[in-house]
Amino acid sequence: QVQLAESGGGLVQAGGSLRLSCLASGSIASVDSMGWYRQAPGKQREWVADIRKVGSTGYADSVKGRFTISRDNGKNTIYLQMNNLKPEDTAVYFCNAALWPNVYWGRGTQVTVSS
């Protein structure tokens, strides 16, 4: 089983930056894929970015060019560097880990972007 804990959220002005971290309870070296999702009030949870065991990454069109996902296997941590934040990025951000056949989720961290 994998337990995930997000951190790094907060309040930032539009155009600002934040870096989210997701610390896993165990080694992530063998985890197939880890990623970030977000959920804004009244909306469904949506995929933001993911990074696979081999290192390849994927991004939602809405964040491409602004957000960067990375992983540090030695620290059992993945990161989401968010630049040029927009008010529409306001949401609770969740980390997840896919270790077949299970998917694990963290509790989320709030990101609020003021205009």
# chains A, B, ... in the order shown; residues from 1 in each chain; ligands from 1
>>> residues_around(residues="Pro41 (chain A)", least_positions_apart="5", cutoff="10 Å", atoms="only C-alpha atoms", output="count of residues only")
3
>>> select_by_dssp(residues="chain A", states="helix (DSSP H, G or I)", output="PDB file with all heavy atoms, in the first residue's frame")
ATOM      1  N   ASN A  73      13.056   9.856  -7.104  1.00  0.00           N
ATOM      2  CA  ASN A  73      12.872   8.523  -6.519  1.00  0.00           C
ATOM      3  C   ASN A  73      13.611   8.383  -5.192  1.00  0.00           C
ATOM      4  O   ASN A  73      13.155   7.689  -4.290  1.00  0.00           O
ATOM      5  CB  ASN A  73      13.333   7.454  -7.499  1.00  0.00           C
ATOM      6  CG  ASN A  73      12.400   7.322  -8.697  1.00  0.00           C
ATOM      7  OD1 ASN A  73      11.275   7.816  -8.674  1.00  0.00           O
ATOM      8  ND2 ASN A  73      12.875   6.685  -9.751  1.00  0.00           N
ATOM      9  N   GLY A  74      14.735   9.057  -5.063  1.00  0.00           N
ATOM     10  CA  GLY A  74      15.503   8.964  -3.819  1.00  0.00           C
ATOM     11  C   GLY A  74      14.768   9.549  -2.626  1.00  0.00           C
ATOM     12  O   GLY A  74      14.961   9.129  -1.491  1.00  0.00           O
ATOM     13  N   LYS A  75      13.905  10.532  -2.887  1.00  0.00           N
ATOM     14  CA  LYS A  75      13.131  11.163  -1.823  1.00  0.00           C
ATOM     15  C   LYS A  75      11.683  10.691  -1.810  1.00  0.00           C
ATOM     16  O   LYS A  75      10.880  11.201  -1.027  1.00  0.00           O
ATOM     17  CB  LYS A  75      13.164  12.685  -1.992  1.00  0.00           C
ATOM     18  CG  LYS A  75      14.549  13.295  -1.802  1.00  0.00           C
ATOM     19  CD  LYS A  75      14.505  14.801  -1.918  1.00  0.00           C
ATOM     20  CE  LYS A  75      15.884  15.408  -1.679  1.00  0.00           C
ATOM     21  NZ  LYS A  75      15.868  16.887  -1.782  1.00  0.00           N
ATOM     22  N   PRO A  87      -6.376  32.555 -12.208  1.00  0.00           N
ATOM     23  CA  PRO A  87      -7.489  32.300 -11.279  1.00  0.00           C
ATOM     24  C   PRO A  87      -8.193  30.976 -11.555  1.00  0.00           C
ATOM     25  O   PRO A  87      -8.647  30.312 -10.608  1.00  0.00           O
ATOM     26  CB  PRO A  87      -8.404  33.498 -11.514  1.00  0.00           C
ATOM     27  CG  PRO A  87      -7.480  34.595 -11.922  1.00  0.00           C
ATOM     28  CD  PRO A  87      -6.429  33.925 -12.761  1.00  0.00           C
ATOM     29  N   GLU A  88      -8.250  30.566 -12.804  1.00  0.00           N
ATOM     30  CA  GLU A  88      -8.911  29.301 -13.135  1.00  0.00           C
ATOM     31  C   GLU A  88      -8.119  28.072 -12.694  1.00  0.00           C
ATOM     32  O   GLU A  88      -8.605  26.947 -12.807  1.00  0.00           O
ATOM     33  CB  GLU A  88      -9.215  29.218 -14.638  1.00  0.00           C
ATOM     34  CG  GLU A  88      -8.042  29.503 -15.547  1.00  0.00           C
ATOM     35  CD  GLU A  88      -8.006  30.947 -16.026  1.00  0.00           C
ATOM     36  OE1 GLU A  88      -8.260  31.863 -15.208  1.00  0.00           O
ATOM     37  OE2 GLU A  88      -7.701  31.160 -17.224  1.00  0.00           O
ATOM     38  N   ASP A  89      -6.911  28.275 -12.194  1.00  0.00           N
ATOM     39  CA  ASP A  89      -6.139  27.166 -11.617  1.00  0.00           C
ATOM     40  C   ASP A  89      -6.538  26.897 -10.169  1.00  0.00           C
ATOM     41  O   ASP A  89      -6.069  25.921  -9.574  1.00  0.00           O
ATOM     42  CB  ASP A  89      -4.636  27.471 -11.667  1.00  0.00           C
ATOM     43  CG  ASP A  89      -4.094  27.550 -13.084  1.00  0.00           C
ATOM     44  OD1 ASP A  89      -4.480  26.713 -13.922  1.00  0.00           O
ATOM     45  OD2 ASP A  89      -3.283  28.466 -13.353  1.00  0.00           O
TER      46      ASP A  89
END
>>> residues_around(residues="Ser62 (chain A)", least_positions_apart="2", cutoff="10 Å", atoms="only C-alpha atoms", output="list in words")
Val48, Tyr59, Ala60, Lys64, Gly65, Arg66, Phe67, Glu88 and Asp89 of chain A
>>> write_last_selection(atoms="all heavy atoms", output="CSV table (one decimal), in the first residue's frame")
chain,number,residue,atom,x,y,z
A,48,VAL,N,-4.3,16.7,-14.4
A,48,VAL,CA,-3.4,17.8,-14.7
A,48,VAL,C,-2.2,17.4,-15.4
A,48,VAL,O,-1.8,17.9,-16.4
A,48,VAL,CB,-3.1,18.5,-13.4
A,48,VAL,CG1,-2.1,19.7,-13.6
A,48,VAL,CG2,-4.4,19.1,-12.7
A,59,TYR,N,0.7,16.3,-20.0
A,59,TYR,CA,0.1,17.4,-19.4
A,59,TYR,C,-1.3,17.7,-20.1
A,59,TYR,O,-1.4,17.5,-21.3
A,59,TYR,CB,0.9,18.7,-19.6
A,59,TYR,CG,2.3,18.6,-18.9
A,59,TYR,CD1,3.4,18.1,-19.6
A,59,TYR,CD2,2.4,19.0,-17.6
A,59,TYR,CE1,4.6,18.0,-18.9
A,59,TYR,CE2,3.7,18.9,-16.9
A,59,TYR,CZ,4.7,18.4,-17.6
A,59,TYR,OH,6.0,18.4,-17.0
A,60,ALA,N,-2.2,18.2,-19.3
A,60,ALA,CA,-3.5,18.7,-19.8
A,60,ALA,C,-3.1,20.0,-20.6
A,60,ALA,O,-2.2,20.7,-20.3
A,60,ALA,CB,-4.4,19.0,-18.7
A,64,LYS,N,-0.3,23.1,-20.1
A,64,LYS,CA,1.0,22.8,-20.8
A,64,LYS,C,1.7,24.1,-21.0
A,64,LYS,O,1.2,25.2,-21.4
A,64,LYS,CB,0.6,22.2,-22.2
A,64,LYS,CG,1.7,21.5,-22.9
A,64,LYS,CD,1.1,20.7,-24.1
A,64,LYS,CE,0.1,19.6,-23.7
A,64,LYS,NZ,-0.3,18.9,-24.9
A,65,GLY,N,3.0,24.1,-20.8
A,65,GLY,CA,3.9,25.3,-20.9
A,65,GLY,C,4.0,26.1,-19.6
A,65,GLY,O,4.8,27.0,-19.5
A,66,ARG,N,3.1,25.8,-18.7
A,66,ARG,CA,3.1,26.5,-17.4
A,66,ARG,C,3.5,25.7,-16.2
A,66,ARG,O,4.1,26.1,-15.3
A,66,ARG,CB,1.8,27.2,-17.1
A,66,ARG,CG,1.3,28.2,-18.2
A,66,ARG,CD,0.0,28.9,-17.8
A,66,ARG,NE,-1.1,28.0,-17.6
A,66,ARG,CZ,-1.8,27.9,-16.5
A,66,ARG,NH1,-1.5,28.6,-15.4
A,66,ARG,NH2,-2.8,27.1,-16.4
A,67,PHE,N,3.1,24.4,-16.3
A,67,PHE,CA,3.3,23.5,-15.2
A,67,PHE,C,4.4,22.4,-15.6
A,67,PHE,O,4.4,22.0,-16.8
A,67,PHE,CB,2.0,22.7,-14.8
A,67,PHE,CG,1.0,23.5,-14.2
A,67,PHE,CD1,1.0,24.9,-14.1
A,67,PHE,CD2,-0.1,22.9,-13.6
A,67,PHE,CE1,0.1,25.7,-13.5
A,67,PHE,CE2,-1.1,23.7,-13.0
A,67,PHE,CZ,-1.1,25.0,-12.9
A,88,GLU,N,-8.2,30.6,-12.8
A,88,GLU,CA,-8.9,29.3,-13.1
A,88,GLU,C,-8.1,28.1,-12.7
A,88,GLU,O,-8.6,26.9,-12.8
A,88,GLU,CB,-9.2,29.2,-14.6
A,88,GLU,CG,-8.0,29.5,-15.5
A,88,GLU,CD,-8.0,30.9,-16.0
A,88,GLU,OE1,-8.3,31.9,-15.2
A,88,GLU,OE2,-7.7,31.2,-17.2
A,89,ASP,N,-6.9,28.3,-12.2
A,89,ASP,CA,-6.1,27.2,-11.6
A,89,ASP,C,-6.5,26.9,-10.2
A,89,ASP,O,-6.1,25.9,-9.6
A,89,ASP,CB,-4.6,27.5,-11.7
A,89,ASP,CG,-4.1,27.6,-13.1
A,89,ASP,OD1,-4.5,26.7,-13.9
A,89,ASP,OD2,-3.3,28.5,-13.4
>>> atom_distance(atom1="CA of Lys86 (chain A)", atom2="CA of Gly35 (chain A)")
20.3 Å
>>> closest_atom_pairs(of="region 21-65 of chain A", to="region 99-114 of chain A", cutoff="12 Å", atoms="only C-alpha atoms", output="tab-separated table")
residue	atom	partner	partner_atom	distance
A:Ser21	CA	A:Thr109	CA	9.5
A:Cys22	CA	A:Gly106	CA	8.1
A:Leu23	CA	A:Gly106	CA	9.3
A:Ala24	CA	A:Gly106	CA	9.1
A:Ser25	CA	A:Gly106	CA	10.9
A:Gly26	CA	A:Leu99	CA	11.8
A:Ser27	CA	A:Leu99	CA	11.3
A:Ile28	CA	A:Leu99	CA	9.3
A:Ala29	CA	A:Leu99	CA	10.6
A:Ser30	CA	A:Leu99	CA	7.8
A:Val31	CA	A:Leu99	CA	5.2
A:Asp32	CA	A:Leu99	CA	5.6
A:Ser33	CA	A:Leu99	CA	7.3
A:Met34	CA	A:Leu99	CA	8.9
A:Gly35	CA	A:Trp105	CA	9.7
A:Trp36	CA	A:Trp105	CA	9.6
A:Tyr37	CA	A:Gly108	CA	9.1
A:Arg38	CA	A:Gly108	CA	8.4
A:Gln39	CA	A:Gly108	CA	9.4
A:Ala40	CA	A:Gln110	CA	9.6
A:Pro41	CA	A:Gln110	CA	11.1
A:Arg45	CA	A:Gly108	CA	11.4
A:Arg52	CA	A:Leu99	CA	11.0
A:Lys53	CA	A:Leu99	CA	10.5
>>> atom_distance(atom1="CA of Gly58 (chain A)", atom2="CA of Ser115 (chain A)")
27.4 Å
>>> select_by_dssp(residues="chain A", states="strand (DSSP E)", output="compact mmCIF listing (two decimals) with N, CA and C atoms, in the first residue's frame")
# COMPACT_ATOMS: atom_id res chain seq x y z
N LEU A 4 0.02 8.79 0.44
CA LEU A 4 0.51 10.00 -0.22
C LEU A 4 0.13 11.23 0.59
N ALA A 5 1.03 12.19 0.67
CA ALA A 5 0.76 13.42 1.41
C ALA A 5 1.22 14.60 0.58
N GLU A 6 0.25 15.44 0.19
CA GLU A 6 0.57 16.63 -0.59
C GLU A 6 0.89 17.81 0.32
N SER A 7 1.69 18.72 -0.20
CA SER A 7 1.99 19.96 0.51
C SER A 7 2.37 21.02 -0.52
N GLY A 10 -1.39 27.01 -1.37
CA GLY A 10 -1.50 28.30 -0.69
C GLY A 10 -2.21 29.30 -1.56
N LEU A 11 -2.13 30.55 -1.14
CA LEU A 11 -2.75 31.67 -1.84
C LEU A 11 -1.67 32.44 -2.59
N VAL A 12 -1.91 32.69 -3.86
CA VAL A 12 -0.92 33.39 -4.69
C VAL A 12 -1.67 34.29 -5.66
N GLN A 13 -1.03 35.38 -6.04
CA GLN A 13 -1.64 36.26 -7.03
C GLN A 13 -1.46 35.71 -8.44
N LEU A 18 3.88 28.46 -7.60
CA LEU A 18 3.87 27.58 -6.44
C LEU A 18 4.50 26.26 -6.85
N ARG A 19 5.08 25.55 -5.88
CA ARG A 19 5.55 24.21 -6.13
C ARG A 19 4.88 23.26 -5.15
N LEU A 20 4.14 22.32 -5.68
CA LEU A 20 3.50 21.30 -4.87
C LEU A 20 4.42 20.08 -4.76
N SER A 21 4.34 19.45 -3.60
CA SER A 21 5.10 18.22 -3.36
C SER A 21 4.14 17.11 -2.95
N CYS A 22 4.50 15.91 -3.30
CA CYS A 22 3.72 14.72 -2.90
C CYS A 22 4.72 13.68 -2.40
N LEU A 23 4.68 13.44 -1.10
CA LEU A 23 5.58 12.49 -0.47
C LEU A 23 4.87 11.15 -0.32
N ALA A 24 5.51 10.10 -0.84
CA ALA A 24 4.95 8.76 -0.72
C ALA A 24 5.54 8.04 0.49
N SER A 33 2.94 4.85 -12.47
CA SER A 33 2.68 6.23 -12.87
C SER A 33 2.25 7.02 -11.64
N MET A 34 2.67 8.24 -11.57
CA MET A 34 2.20 9.16 -10.52
C MET A 34 1.76 10.44 -11.19
N GLY A 35 0.77 11.07 -10.58
CA GLY A 35 0.26 12.25 -11.24
C GLY A 35 -0.44 13.21 -10.32
N TRP A 36 -0.89 14.29 -10.91
CA TRP A 36 -1.64 15.33 -10.21
C TRP A 36 -2.99 15.51 -10.88
N TYR A 37 -4.00 15.64 -10.05
CA TYR A 37 -5.35 15.97 -10.48
C TYR A 37 -5.79 17.19 -9.69
N ARG A 38 -6.84 17.82 -10.13
CA ARG A 38 -7.39 18.95 -9.37
C ARG A 38 -8.91 18.96 -9.47
N GLN A 39 -9.51 19.56 -8.45
CA GLN A 39 -10.97 19.66 -8.41
C GLN A 39 -11.35 21.04 -7.91
N GLU A 46 -10.24 16.68 -12.38
CA GLU A 46 -9.66 16.59 -13.72
C GLU A 46 -8.16 16.31 -13.63
N TRP A 47 -7.68 15.62 -14.62
CA TRP A 47 -6.27 15.28 -14.73
C TRP A 47 -5.47 16.53 -15.08
N VAL A 48 -4.32 16.69 -14.43
CA VAL A 48 -3.44 17.82 -14.69
C VAL A 48 -2.15 17.37 -15.38
N ALA A 49 -1.49 16.40 -14.78
CA ALA A 49 -0.20 15.94 -15.34
C ALA A 49 0.14 14.59 -14.73
N ASP A 50 0.97 13.84 -15.45
CA ASP A 50 1.48 12.60 -14.85
C ASP A 50 2.90 12.33 -15.35
N ILE A 51 3.55 11.45 -14.60
CA ILE A 51 4.92 11.06 -14.93
C ILE A 51 5.03 9.56 -14.72
N ARG A 52 5.56 8.88 -15.70
CA ARG A 52 5.62 7.42 -15.66
C ARG A 52 6.97 6.94 -15.17
N THR A 57 6.36 12.16 -19.52
CA THR A 57 5.37 13.00 -18.85
C THR A 57 4.23 13.35 -19.80
N GLY A 58 3.12 13.75 -19.19
CA GLY A 58 1.98 14.22 -19.96
C GLY A 58 1.30 15.35 -19.23
N TYR A 59 0.71 16.27 -19.98
CA TYR A 59 0.06 17.44 -19.39
C TYR A 59 -1.28 17.72 -20.06
N PHE A 67 3.08 24.39 -16.28
CA PHE A 67 3.33 23.46 -15.17
C PHE A 67 4.37 22.43 -15.60
N THR A 68 5.17 22.00 -14.62
CA THR A 68 6.17 20.96 -14.87
C THR A 68 6.10 19.93 -13.76
N ILE A 69 5.95 18.67 -14.14
CA ILE A 69 5.94 17.57 -13.17
C ILE A 69 7.31 16.91 -13.17
N SER A 70 7.75 16.52 -11.98
CA SER A 70 9.04 15.84 -11.87
C SER A 70 8.97 14.86 -10.70
N ARG A 71 9.94 13.95 -10.65
CA ARG A 71 9.97 12.99 -9.55
C ARG A 71 11.39 12.82 -9.07
N ASP A 72 11.51 12.56 -7.78
CA ASP A 72 12.79 12.27 -7.16
C ASP A 72 12.62 10.93 -6.45
N THR A 77 9.31 11.30 -3.76
CA THR A 77 8.51 12.51 -3.90
C THR A 77 8.33 12.89 -5.37
N ILE A 78 7.14 13.35 -5.69
CA ILE A 78 6.95 14.01 -6.98
C ILE A 78 6.58 15.46 -6.74
N TYR A 79 6.81 16.28 -7.73
CA TYR A 79 6.60 17.71 -7.61
C TYR A 79 5.75 18.21 -8.78
N LEU A 80 5.09 19.33 -8.53
CA LEU A 80 4.41 20.03 -9.61
C LEU A 80 4.79 21.50 -9.49
N GLN A 81 5.66 21.94 -10.38
CA GLN A 81 6.02 23.35 -10.42
C GLN A 81 4.99 24.07 -11.27
N MET A 82 4.35 25.06 -10.67
CA MET A 82 3.27 25.78 -11.35
C MET A 82 3.67 27.24 -11.51
N ALA A 91 -8.12 25.41 -7.16
CA ALA A 91 -8.68 24.07 -6.96
C ALA A 91 -7.96 23.39 -5.81
N VAL A 92 -8.51 22.25 -5.41
CA VAL A 92 -7.77 21.35 -4.54
C VAL A 92 -6.98 20.41 -5.45
N TYR A 93 -5.69 20.31 -5.20
CA TYR A 93 -4.82 19.48 -6.02
C TYR A 93 -4.52 18.17 -5.29
N PHE A 94 -4.73 17.08 -6.01
CA PHE A 94 -4.53 15.75 -5.46
C PHE A 94 -3.41 15.03 -6.18
N CYS A 95 -2.65 14.29 -5.42
CA CYS A 95 -1.61 13.44 -5.97
C CYS A 95 -2.16 12.02 -6.06
N ASN A 96 -1.78 11.29 -7.10
CA ASN A 96 -2.16 9.88 -7.13
C ASN A 96 -1.01 9.02 -7.62
N ALA A 97 -1.11 7.75 -7.29
CA ALA A 97 -0.09 6.78 -7.67
C ALA A 97 -0.77 5.51 -8.16
N ALA A 98 -0.34 5.06 -9.32
CA ALA A 98 -0.89 3.83 -9.90
C ALA A 98 0.12 2.72 -9.76
N LEU A 99 -0.25 1.74 -8.95
CA LEU A 99 0.58 0.55 -8.77
C LEU A 99 -0.36 -0.62 -8.99
N ASN A 102 -3.89 -1.30 -8.23
CA ASN A 102 -4.48 -0.29 -7.34
C ASN A 102 -4.08 1.13 -7.75
N VAL A 103 -4.94 2.06 -7.35
CA VAL A 103 -4.64 3.49 -7.49
C VAL A 103 -4.83 4.13 -6.12
N TYR A 104 -3.85 4.91 -5.72
CA TYR A 104 -3.88 5.54 -4.41
C TYR A 104 -3.97 7.05 -4.56
N TRP A 105 -4.63 7.70 -3.58
CA TRP A 105 -4.83 9.14 -3.61
C TRP A 105 -4.39 9.77 -2.30
N THR A 109 -4.29 19.36 -1.50
CA THR A 109 -3.80 20.63 -0.98
C THR A 109 -4.46 21.75 -1.78
N GLN A 110 -4.91 22.78 -1.05
CA GLN A 110 -5.67 23.85 -1.70
C GLN A 110 -4.72 24.85 -2.37
N VAL A 111 -5.05 25.19 -3.60
CA VAL A 111 -4.35 26.26 -4.32
C VAL A 111 -5.39 27.31 -4.69
N THR A 112 -5.14 28.53 -4.27
CA THR A 112 -6.05 29.63 -4.58
C THR A 112 -5.26 30.73 -5.29
N VAL A 113 -5.74 31.12 -6.46
CA VAL A 113 -5.08 32.15 -7.25
C VAL A 113 -6.01 33.35 -7.33
N SER A 114 -5.55 34.47 -6.81
CA SER A 114 -6.37 35.69 -6.81
C SER A 114 -6.06 36.53 -8.05
